[in-house]
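What follows is the content of upload_32.csv, which has CSV, C-alpha atoms and all ligand atoms:
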chain,number,residue,atom,x,y,z
A,156,MET,CA,-27.3,53.2,-11.7
A,157,ARG,CA,-25.1,51.6,-9.1
A,158,ILE,CA,-25.0,48.3,-11.1
A,159,SER,CA,-24.0,50.0,-14.3
A,160,LEU,CA,-21.3,51.9,-12.5
A,161,ILE,CA,-19.9,48.6,-11.1
A,162,PHE,CA,-20.1,47.0,-14.5
A,163,THR,CA,-18.3,49.9,-16.0
A,164,ALA,CA,-15.6,49.7,-13.4
A,165,PHE,CA,-15.3,46.0,-14.1
A,166,ALA,CA,-15.2,46.4,-17.8
A,167,THR,CA,-12.5,49.1,-17.5
A,168,THR,CA,-10.5,46.8,-15.3
A,169,ALA,CA,-10.8,44.0,-17.8
A,170,LEU,CA,-9.7,46.4,-20.6
A,171,LEU,CA,-6.8,47.6,-18.6
A,172,ASP,CA,-5.9,44.1,-17.9
A,173,SER,CA,-5.8,43.1,-21.5
A,174,ALA,CA,-3.8,46.2,-22.2
A,175,ALA,CA,-1.3,45.0,-19.6
A,176,ILE,CA,-1.1,41.6,-21.2
A,177,LEU,CA,-0.5,43.2,-24.6
A,178,ALA,CA,2.1,45.5,-23.1
A,179,GLN,CA,3.9,42.7,-21.3
A,180,ASP,CA,7.1,42.7,-23.3
A,181,ALA,CA,7.6,46.3,-22.1
A,182,GLY,CA,7.5,45.2,-18.4
A,183,ASN,CA,9.8,47.0,-16.0
A,184,VAL,CA,12.3,44.3,-14.9
A,185,GLY,CA,13.7,46.4,-12.0
A,186,HIS,CA,10.3,46.9,-10.5
A,187,GLY,CA,9.5,43.2,-11.1
A,188,ARG,CA,12.6,42.3,-9.1
A,189,GLU,CA,11.3,44.4,-6.2
A,190,VAL,CA,7.9,42.8,-6.3
A,191,ALA,CA,9.5,39.4,-6.4
A,192,GLN,CA,11.7,40.1,-3.5
A,193,ALA,CA,8.9,41.7,-1.5
A,194,ILE,CA,6.2,39.1,-2.1
A,195,CYS,CA,7.3,36.0,-3.9
A,196,SER,CA,10.6,35.4,-2.0
A,197,ALA,CA,8.6,34.3,1.0
A,198,CYS,CA,8.4,30.9,-0.8
A,199,HIS,CA,10.4,31.1,-4.1
A,200,VAL,CA,14.0,31.4,-4.9
A,201,VAL,CA,13.7,34.7,-6.9
A,202,ALA,CA,17.3,35.3,-7.9
A,203,LYS,CA,20.2,33.2,-9.2
A,204,GLY,CA,22.4,33.6,-6.2
A,205,GLN,CA,19.8,32.5,-3.7
A,206,LEU,CA,20.4,29.0,-2.4
A,207,ALA,CA,17.2,27.2,-1.5
A,208,SER,CA,13.5,27.9,-1.8
A,209,PRO,CA,12.0,28.8,1.6
A,210,ASN,CA,9.1,26.6,0.6
A,211,SER,CA,10.5,23.4,-1.1
A,212,GLU,CA,7.4,23.0,-3.2
A,213,ALA,CA,7.8,26.4,-4.8
A,214,PRO,CA,9.8,26.2,-8.1
A,215,PRO,CA,12.8,28.6,-8.1
A,216,PHE,CA,12.3,31.4,-10.6
A,217,PRO,CA,15.5,30.7,-12.5
A,218,SER,CA,14.2,27.2,-13.1
A,219,LEU,CA,10.8,28.5,-14.2
A,220,ALA,CA,12.5,30.8,-16.7
A,221,ALA,CA,14.5,27.8,-18.1
A,222,THR,CA,11.4,25.7,-18.6
A,223,ALA,CA,10.5,25.2,-22.2
A,224,GLY,CA,7.2,26.8,-23.1
A,225,ILE,CA,7.3,29.4,-20.3
A,226,THR,CA,6.2,32.6,-22.0
A,227,SER,CA,4.7,35.8,-20.6
A,228,ILE,CA,1.3,34.4,-21.7
A,229,ALA,CA,1.9,31.2,-19.9
A,230,LEU,CA,3.0,33.0,-16.7
A,231,THR,CA,0.0,35.4,-16.9
A,232,ALA,CA,-2.3,32.4,-17.1
A,233,ALA,CA,-0.5,30.7,-14.2
A,234,LEU,CA,-0.7,33.8,-12.0
A,235,ALA,CA,-4.4,34.4,-12.9
A,236,THR,CA,-5.6,31.0,-11.9
A,237,SER,CA,-5.5,29.4,-8.5
A,238,HIS,CA,-3.0,26.9,-7.4
A,239,ARG,CA,-3.4,24.0,-5.2
A,240,ARG,CA,-0.6,24.9,-2.8
A,241,MET,CA,0.2,28.4,-3.7
A,242,PRO,CA,-2.0,31.0,-2.0
A,243,ASN,CA,-3.9,33.3,-4.4
A,244,ILE,CA,-1.9,36.5,-4.5
A,245,THR,CA,-3.6,39.4,-6.1
A,246,LEU,CA,-1.1,41.5,-8.0
A,247,GLN,CA,-1.9,44.8,-9.6
A,248,PRO,CA,-1.7,44.5,-13.4
A,249,ASP,CA,1.6,46.4,-13.5
A,250,GLU,CA,3.0,44.3,-10.7
A,251,ARG,CA,2.1,41.1,-12.5
A,252,ARG,CA,3.5,42.4,-15.8
A,253,ASP,CA,6.7,43.5,-14.2
A,254,VAL,CA,7.3,40.4,-12.1
A,255,ILE,CA,6.7,38.3,-15.3
A,256,ALA,CA,9.2,40.4,-17.1
A,257,TYR,CA,11.6,39.8,-14.3
A,258,ILE,CA,11.1,36.0,-14.3
A,259,LEU,CA,11.7,35.9,-18.0
A,260,SER,CA,14.8,38.1,-17.7
A,261,LEU,CA,16.4,35.2,-15.7
A,262,LYS,CA,16.4,33.0,-18.8
B,301,LIG,C1,3.2,31.2,0.3
B,301,LIG,C2,4.1,30.7,-0.7
B,301,LIG,C3,4.2,31.3,-2.1
B,301,LIG,C4,4.3,32.6,-2.4
B,301,LIG,C5,4.3,33.9,-1.5
B,301,LIG,C6,4.4,32.7,-3.9
B,301,LIG,N1,4.4,31.4,-4.4
B,301,LIG,FE1,4.4,30.8,-6.3
B,301,LIG,N2,4.3,28.9,-5.8
B,301,LIG,C7,4.2,28.4,-4.5
B,301,LIG,C8,4.1,26.9,-4.6
B,301,LIG,C9,4.1,26.0,-3.3
B,301,LIG,C10,4.1,26.6,-5.9
B,301,LIG,C11,4.1,25.2,-6.5
B,301,LIG,C12,2.8,24.5,-6.3
B,301,LIG,C13,1.6,25.2,-7.0
B,301,LIG,O1,1.7,25.5,-8.2
B,301,LIG,O2,0.6,25.3,-6.3
B,301,LIG,C14,4.2,27.8,-6.7
B,301,LIG,C15,4.2,27.9,-8.1
B,301,LIG,C16,4.4,29.0,-8.8
B,301,LIG,C17,4.5,29.1,-10.2
B,301,LIG,C18,4.5,27.9,-11.1
B,301,LIG,C19,3.4,27.9,-12.1
B,301,LIG,C20,2.2,27.1,-11.7
B,301,LIG,O3,1.1,27.3,-12.3
B,301,LIG,O4,2.3,26.2,-10.8
B,301,LIG,C21,4.7,30.4,-10.6
B,301,LIG,C22,4.8,31.0,-12.0
B,301,LIG,C23,4.7,31.2,-9.4
B,301,LIG,N3,4.5,30.3,-8.3
B,301,LIG,C24,4.9,32.5,-9.3
B,301,LIG,C25,4.8,33.3,-8.1
B,301,LIG,C26,5.0,34.7,-8.1
B,301,LIG,C27,5.2,35.6,-9.3
B,301,LIG,C28,4.9,35.1,-6.8
B,301,LIG,C29,5.0,36.5,-6.2
B,301,LIG,C30,4.1,37.5,-6.7
B,301,LIG,C31,4.7,33.9,-6.0
B,301,LIG,N4,4.7,32.8,-6.8
B,301,LIG,C32,4.5,33.8,-4.6
B,301,LIG,C33,4.2,29.1,-3.4
B,301,LIG,C34,4.3,30.5,-3.3
Rewrite the structure from the file as structure tokens, please.
Amino acid sequence: MRISLIFTAFATTALLDSAAILAQDAGNVGHGREVAQAICSACHVVAKGQLASPNSEAPPFPSLAATAGITSIALTAALATSHRRMPNITLQPDERRDVIAYILSLK
């Protein structure tokens, strides 16, 4: 019983997650900016006016946005996999969707 409950919760999360991926284009840019400023700005330049990355290894978001081939799908994959030097940051599906919408809005 317990196991099937856990499995159901997991399956539901996975479903919600793919719904979030599908709904990505509808991301809330304003909320994404808040998430970026609250979490990502510890290392990344998150806005065009900001001068230097606090962590010189972290690519500025405006440069990421300008990189060819950077789509919401590519960013979703990047944020869902672990990085060598970037700590794994667990975002809620809506936070991830919105921060991606925000990064892409910097194009
Ligand atoms: C503690 C520092 C730190 C924080 C906080 C951080 N990053 Fe990073 N990030 C890095 C570093 C360093 C890199 C480059 C090296 C790497 O990819 O491991 C990076 C790379 C990236 C990349 C490049 C893609 C890739 O696969 O390498 C993306 C996209 C990214 N970060 C998004 C984010 C977002 C969105 C947030 C906020 C939710 C965030 N980062 C928070 C340090 C950080």
If we count all atoms listed in the file and set the cut-off at 10 Å, which residues sit around Ala235 (chain A), ignoring sequence neighbours fewer than 3 positions away in its own chain? Please answer as a list of chain:residue names. A:Ala229, A:Leu230, A:Thr231, A:Ala232, A:His238, A:Asn243, A:Ile244, A:Thr245, A:Leu246, A:Arg251
Return as an MDAnalysis selection string every polymer residue, whether protein, DNA or RNA, with at least one atom no more than 7 Å from an atom of ligand LIG 301 (chain B); count all atoms listed in the file. chainID A and resid 190:191 194:199 210 212:214 219 230 233:234 238:242 244 246 254:255
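Straight-line separation from CA of Thr222 (chain A) to CA of Ile258 (chain A): 11.2 Å.
In this structure, CA of Ser260 (chain A) sits 19.7 Å away from CA of Ala207 (chain A).
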Please report the interatomic distance between CA of Asp253 (chain A) and CA of Ser208 (chain A) in Å with one decimal.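 Here the two named atoms are 21.1 Å from each other.
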Non-local contacts of Gln192 (chain A) (9 Å; only C-alpha atoms; under 5 positions in same chain excluded) as a ChimeraX atom specification: /A:187,197,201-202
From A:Gln205, A:Thr236, A:Ser227, A:Asn183, residue lying nearest Leu259 (chain A) [all atoms listed in the file]: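 With all atoms listed in the file as the atom set, the closest residue is A:Ser227.
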